[in-house]
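*Asks:* Structure incoming, see below.
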Amino acid sequence: MNETKPRWPLAPPMQAALEMARQAAAAGEVPVGAVVVKDGAVIASAHNAPRTLNDPTAHAEMLAIRRAAEALGDERLTGCDLYVTLEPCPMCAGAIAHARIARVYYGASDPKGGAVEHGCRTFDQPTCLHRPEVYSGLGETEAADLLRGFFAERR
């Protein structure tokens, strides 16, 4: 007998991150979105914008972290969670560690450019100053579908 796995509704912060990713795609950017949550409330959100801002560091995570730090008036995002639609790259993983983000929730894995479960595995390095809890696969199907669709249109 075939059993279907129950599909749980996505947490609102991941839904918000996916909406940010859709906005990125509409702007011609790689569809990645991120939100920072503190005490259950979204305090910052962003989507990829390197082309729009002419800034190679304008990844969704970097922009959301900058906005959250500004909103809190502190460079340390202690007690904050980051929801992002794609596994963070080395640059973003480094920023996550420096910001002291408590938990990272991400959707799609990135075997080529990721740095959490792939590549350099930033948080596993002995020189990493802070290791957040990491949860992967939240909204993975939706996030991966957005990315696949975006790149299929450009091939």
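Residue numbering restarts at 1 in every chain; chains get A, B, ... in the order shown in the structure tokens, and ligands count up from 1 in that same order.
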Within 6 Å of stretch 127-142 of chain A, which residues of stretch 31-123 of chain A come that close, and what is the closest atom pair and distance in Å for each? Count only C-alpha atoms and give it as a Markdown table.

*Replies:*
```
| residue | atom | partner | partner_atom | distance |
| --- | --- | --- | --- | --- |
| A:Ala97 | CA | A:His130 | CA | 4.9 |
| A:Ala102 | CA | A:Pro132 | CA | 4.9 |
| A:Arg103 | CA | A:Glu133 | CA | 4.6 |
| A:Val104 | CA | A:Val134 | CA | 4.8 |
| A:Tyr105 | CA | A:Tyr135 | CA | 4.7 |
| A:Tyr106 | CA | A:Ser136 | CA | 4.9 |
| A:Gly107 | CA | A:Glu140 | CA | 4.1 |
| A:Ala108 | CA | A:Glu140 | CA | 4.5 |
| A:Phe123 | CA | A:Arg131 | CA | 5.3 |
```

*Asks:* Restricting it to N, CA and C atoms, dump the selection as a PDB file, in the first residue's frame.

*Replies:*
```pdb
ATOM      1  N   ALA A  97      27.709  33.612  11.076  1.00  0.00           N
ATOM      2  CA  ALA A  97      28.523  33.331  12.261  1.00  0.00           C
ATOM      3  C   ALA A  97      28.903  34.622  12.979  1.00  0.00           C
ATOM      4  N   ALA A 102      21.175  32.644  15.936  1.00  0.00           N
ATOM      5  CA  ALA A 102      20.966  31.435  16.733  1.00  0.00           C
ATOM      6  C   ALA A 102      20.640  30.216  15.882  1.00  0.00           C
ATOM      7  N   ARG A 103      19.731  30.375  14.925  1.00  0.00           N
ATOM      8  CA  ARG A 103      19.270  29.249  14.111  1.00  0.00           C
ATOM      9  C   ARG A 103      19.135  29.672  12.657  1.00  0.00           C
ATOM     10  N   VAL A 104      19.506  28.755  11.768  1.00  0.00           N
ATOM     11  CA  VAL A 104      19.352  28.960  10.328  1.00  0.00           C
ATOM     12  C   VAL A 104      18.428  27.875   9.802  1.00  0.00           C
ATOM     13  N   TYR A 105      17.387  28.294   9.105  1.00  0.00           N
ATOM     14  CA  TYR A 105      16.452  27.384   8.450  1.00  0.00           C
ATOM     15  C   TYR A 105      16.571  27.652   6.960  1.00  0.00           C
ATOM     16  N   TYR A 106      16.891  26.626   6.179  1.00  0.00           N
ATOM     17  CA  TYR A 106      16.963  26.874   4.739  1.00  0.00           C
ATOM     18  C   TYR A 106      16.201  25.819   3.962  1.00  0.00           C
ATOM     19  N   GLY A 107      15.827  26.211   2.745  1.00  0.00           N
ATOM     20  CA  GLY A 107      15.022  25.354   1.886  1.00  0.00           C
ATOM     21  C   GLY A 107      15.862  24.405   1.061  1.00  0.00           C
ATOM     22  N   ALA A 108      16.264  24.843  -0.117  1.00  0.00           N
ATOM     23  CA  ALA A 108      16.979  23.991  -1.068  1.00  0.00           C
ATOM     24  C   ALA A 108      18.462  23.905  -0.732  1.00  0.00           C
ATOM     25  N   PHE A 123      30.401  26.161   9.288  1.00  0.00           N
ATOM     26  CA  PHE A 123      30.114  26.032  10.717  1.00  0.00           C
ATOM     27  C   PHE A 123      30.826  24.850  11.364  1.00  0.00           C
TER      28      PHE A 123
END
```

*Asks:* Can you pull out every residue within 9 Å of stretch 27-39 of chain A, counting only C-alpha atoms, but drop anything in the same chain fewer than 2 positions away, and send it as an MDAnalysis selection string?

*Replies:* chainID A and resid 13:14 16:25 41:52 59:65 67:68 77:86 106 143 146:147 150:151

*Asks:* Could those residues be written to a file, using N, CA and C atoms, as a CSV table (one decimal), in the first residue's frame?

*Replies:*
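The result, written out as part39.csv:
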```
chain,number,residue,atom,x,y,z
A,13,PRO,N,7.5,32.5,8.5
A,13,PRO,CA,8.8,33.1,8.1
A,13,PRO,C,9.3,32.5,6.8
A,14,MET,N,9.2,31.2,6.6
A,14,MET,CA,9.6,30.6,5.4
A,14,MET,C,8.7,31.0,4.2
A,16,ALA,N,7.3,33.8,4.0
A,16,ALA,CA,7.8,35.2,3.7
A,16,ALA,C,9.1,35.1,2.9
A,17,ALA,N,10.0,34.2,3.2
A,17,ALA,CA,11.3,34.1,2.5
A,17,ALA,C,11.0,33.7,1.0
A,18,LEU,N,10.0,32.8,0.8
A,18,LEU,CA,9.7,32.3,-0.5
A,18,LEU,C,9.1,33.5,-1.3
A,19,GLU,N,8.3,34.3,-0.7
A,19,GLU,CA,7.7,35.5,-1.3
A,19,GLU,C,8.8,36.5,-1.7
A,20,MET,N,9.8,36.6,-0.9
A,20,MET,CA,11.0,37.4,-1.3
A,20,MET,C,11.7,36.9,-2.5
A,21,ALA,N,11.8,35.5,-2.5
A,21,ALA,CA,12.5,34.9,-3.7
A,21,ALA,C,11.7,35.1,-4.9
A,22,ARG,N,10.4,35.1,-4.8
A,22,ARG,CA,9.5,35.4,-6.0
A,22,ARG,C,9.7,36.8,-6.5
A,23,GLN,N,9.9,37.7,-5.5
A,23,GLN,CA,10.2,39.1,-5.9
A,23,GLN,C,11.5,39.3,-6.6
A,24,ALA,N,12.5,38.5,-6.1
A,24,ALA,CA,13.8,38.5,-6.8
A,24,ALA,C,13.7,38.1,-8.2
A,25,ALA,N,13.0,37.0,-8.4
A,25,ALA,CA,12.8,36.5,-9.8
A,25,ALA,C,12.1,37.5,-10.7
A,41,ALA,N,8.7,37.5,15.6
A,41,ALA,CA,8.3,38.5,14.6
A,41,ALA,C,9.4,38.7,13.6
A,42,VAL,N,9.0,38.9,12.3
A,42,VAL,CA,10.0,39.2,11.2
A,42,VAL,C,10.5,40.7,11.4
A,43,ILE,N,11.8,40.8,11.6
A,43,ILE,CA,12.3,42.2,11.8
A,43,ILE,C,13.1,42.7,10.5
A,44,ALA,N,13.3,41.8,9.6
A,44,ALA,CA,14.0,42.2,8.3
A,44,ALA,C,13.7,41.1,7.3
A,45,SER,N,13.7,41.6,6.0
A,45,SER,CA,13.5,40.7,4.9
A,45,SER,C,14.2,41.3,3.7
A,46,ALA,N,14.6,40.4,2.8
A,46,ALA,CA,15.4,40.8,1.6
A,46,ALA,C,15.4,39.7,0.6
A,47,HIS,N,15.7,40.1,-0.6
A,47,HIS,CA,15.9,39.1,-1.7
A,47,HIS,C,17.2,39.4,-2.4
A,48,ASN,N,17.7,38.5,-3.1
A,48,ASN,CA,19.0,38.7,-3.9
A,48,ASN,C,18.8,40.0,-4.7
A,49,ALA,N,19.9,40.8,-4.7
A,49,ALA,CA,19.9,42.0,-5.5
A,49,ALA,C,21.3,42.4,-6.0
A,50,PRO,N,22.2,41.5,-6.3
A,50,PRO,CA,23.5,41.9,-6.8
A,50,PRO,C,23.4,42.7,-8.1
A,51,ARG,N,22.6,42.3,-9.0
A,51,ARG,CA,22.5,43.0,-10.3
A,51,ARG,C,21.9,44.3,-10.2
A,52,THR,N,20.8,44.4,-9.4
A,52,THR,CA,20.1,45.6,-9.2
A,52,THR,C,20.9,46.7,-8.5
A,59,HIS,N,23.6,39.5,-1.5
A,59,HIS,CA,22.8,38.3,-1.4
A,59,HIS,C,21.7,38.5,-0.4
A,60,ALA,N,20.6,37.7,-0.5
A,60,ALA,CA,19.4,37.9,0.3
A,60,ALA,C,19.8,37.9,1.8
A,61,GLU,N,20.7,36.9,2.2
A,61,GLU,CA,21.1,36.8,3.6
A,61,GLU,C,21.8,38.0,4.1
A,62,MET,N,22.8,38.5,3.3
A,62,MET,CA,23.6,39.6,3.6
A,62,MET,C,22.7,40.9,3.8
A,63,LEU,N,21.8,41.1,2.9
A,63,LEU,CA,20.9,42.3,3.0
A,63,LEU,C,19.9,42.2,4.2
A,64,ALA,N,19.4,41.0,4.5
A,64,ALA,CA,18.5,40.8,5.6
A,64,ALA,C,19.3,41.0,6.9
A,65,ILE,N,20.5,40.4,7.0
A,65,ILE,CA,21.3,40.6,8.2
A,65,ILE,C,21.6,42.1,8.4
A,67,ARG,N,19.9,44.7,7.5
A,67,ARG,CA,18.6,45.4,7.9
A,67,ARG,C,18.3,45.0,9.3
A,68,ALA,N,18.4,43.8,9.7
A,68,ALA,CA,18.1,43.4,11.1
A,68,ALA,C,19.0,44.1,12.1
A,77,LEU,N,23.2,39.7,16.3
A,77,LEU,CA,21.8,39.3,16.2
A,77,LEU,C,21.4,38.1,17.1
A,78,THR,N,21.9,38.2,18.3
A,78,THR,CA,21.7,37.1,19.3
A,78,THR,C,20.2,36.9,19.5
A,79,GLY,N,19.8,35.6,19.5
A,79,GLY,CA,18.4,35.3,19.7
A,79,GLY,C,17.6,35.4,18.4
A,80,CYS,N,18.3,35.7,17.3
A,80,CYS,CA,17.5,35.8,16.0
A,80,CYS,C,17.7,34.5,15.2
A,81,ASP,N,16.7,34.3,14.4
A,81,ASP,CA,16.7,33.2,13.4
A,81,ASP,C,16.7,33.7,12.0
A,82,LEU,N,17.3,33.0,11.1
A,82,LEU,CA,17.4,33.3,9.7
A,82,LEU,C,16.7,32.2,8.9
A,83,TYR,N,15.7,32.6,8.1
A,83,TYR,CA,15.1,31.7,7.2
A,83,TYR,C,15.5,32.1,5.8
A,84,VAL,N,16.0,31.2,5.0
A,84,VAL,CA,16.5,31.5,3.7
A,84,VAL,C,16.1,30.4,2.8
A,85,THR,N,15.8,30.7,1.5
A,85,THR,CA,15.3,29.7,0.6
A,85,THR,C,16.4,28.8,0.0
A,86,LEU,N,17.7,29.1,0.1
A,86,LEU,CA,18.8,28.4,-0.5
A,86,LEU,C,19.9,28.3,0.6
A,106,TYR,N,16.9,26.6,6.2
A,106,TYR,CA,17.0,26.9,4.7
A,106,TYR,C,16.2,25.8,4.0
A,143,ALA,N,11.3,26.1,-3.1
A,143,ALA,CA,12.5,26.9,-3.3
A,143,ALA,C,13.2,26.3,-4.6
A,146,LEU,N,11.4,27.2,-7.8
A,146,LEU,CA,11.7,28.6,-8.2
A,146,LEU,C,13.0,28.7,-8.9
A,147,LEU,N,14.0,28.1,-8.4
A,147,LEU,CA,15.4,28.2,-8.9
A,147,LEU,C,15.4,27.5,-10.3
A,150,PHE,N,13.6,29.6,-12.9
A,150,PHE,CA,14.3,30.8,-13.2
A,150,PHE,C,15.4,30.5,-14.2
A,151,PHE,N,16.2,29.4,-14.0
A,151,PHE,CA,17.3,29.1,-14.8
A,151,PHE,C,16.9,28.5,-16.1
```

*Asks:* Enter the distance from atom CA of A:Asp145 to atom CA of A:Met91, in Å, rounded to one decimal.

*Replies:*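 Pair atom CA of A:Asp145 / atom CA of A:Met91 returns 23.9 Å.
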
*Asks:* I'd like to know which of A:Ala58, A:Ile96, A:Ala11, A:Cys89 is closest to A:Arg121, using only C-alpha atoms.

*Replies:* A:Cys89

*Asks:* Please, which residues of stretch 49-137 of chain A, numbered as in this document, come out alpha helix (DSSP H) from DSSP, as a VMD selection string?

*Replies:* chain A and resid 50 to 53 60 to 72 90 to 99

*Asks:* Smallest atom-to-atom distance to A:Gly113: which of A:Leu10, A:Ala26, A:Ala71, A:Ala93, using only C-alpha atoms?

*Replies:*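 Under the stated criterion, the closest residue is A:Ala93.
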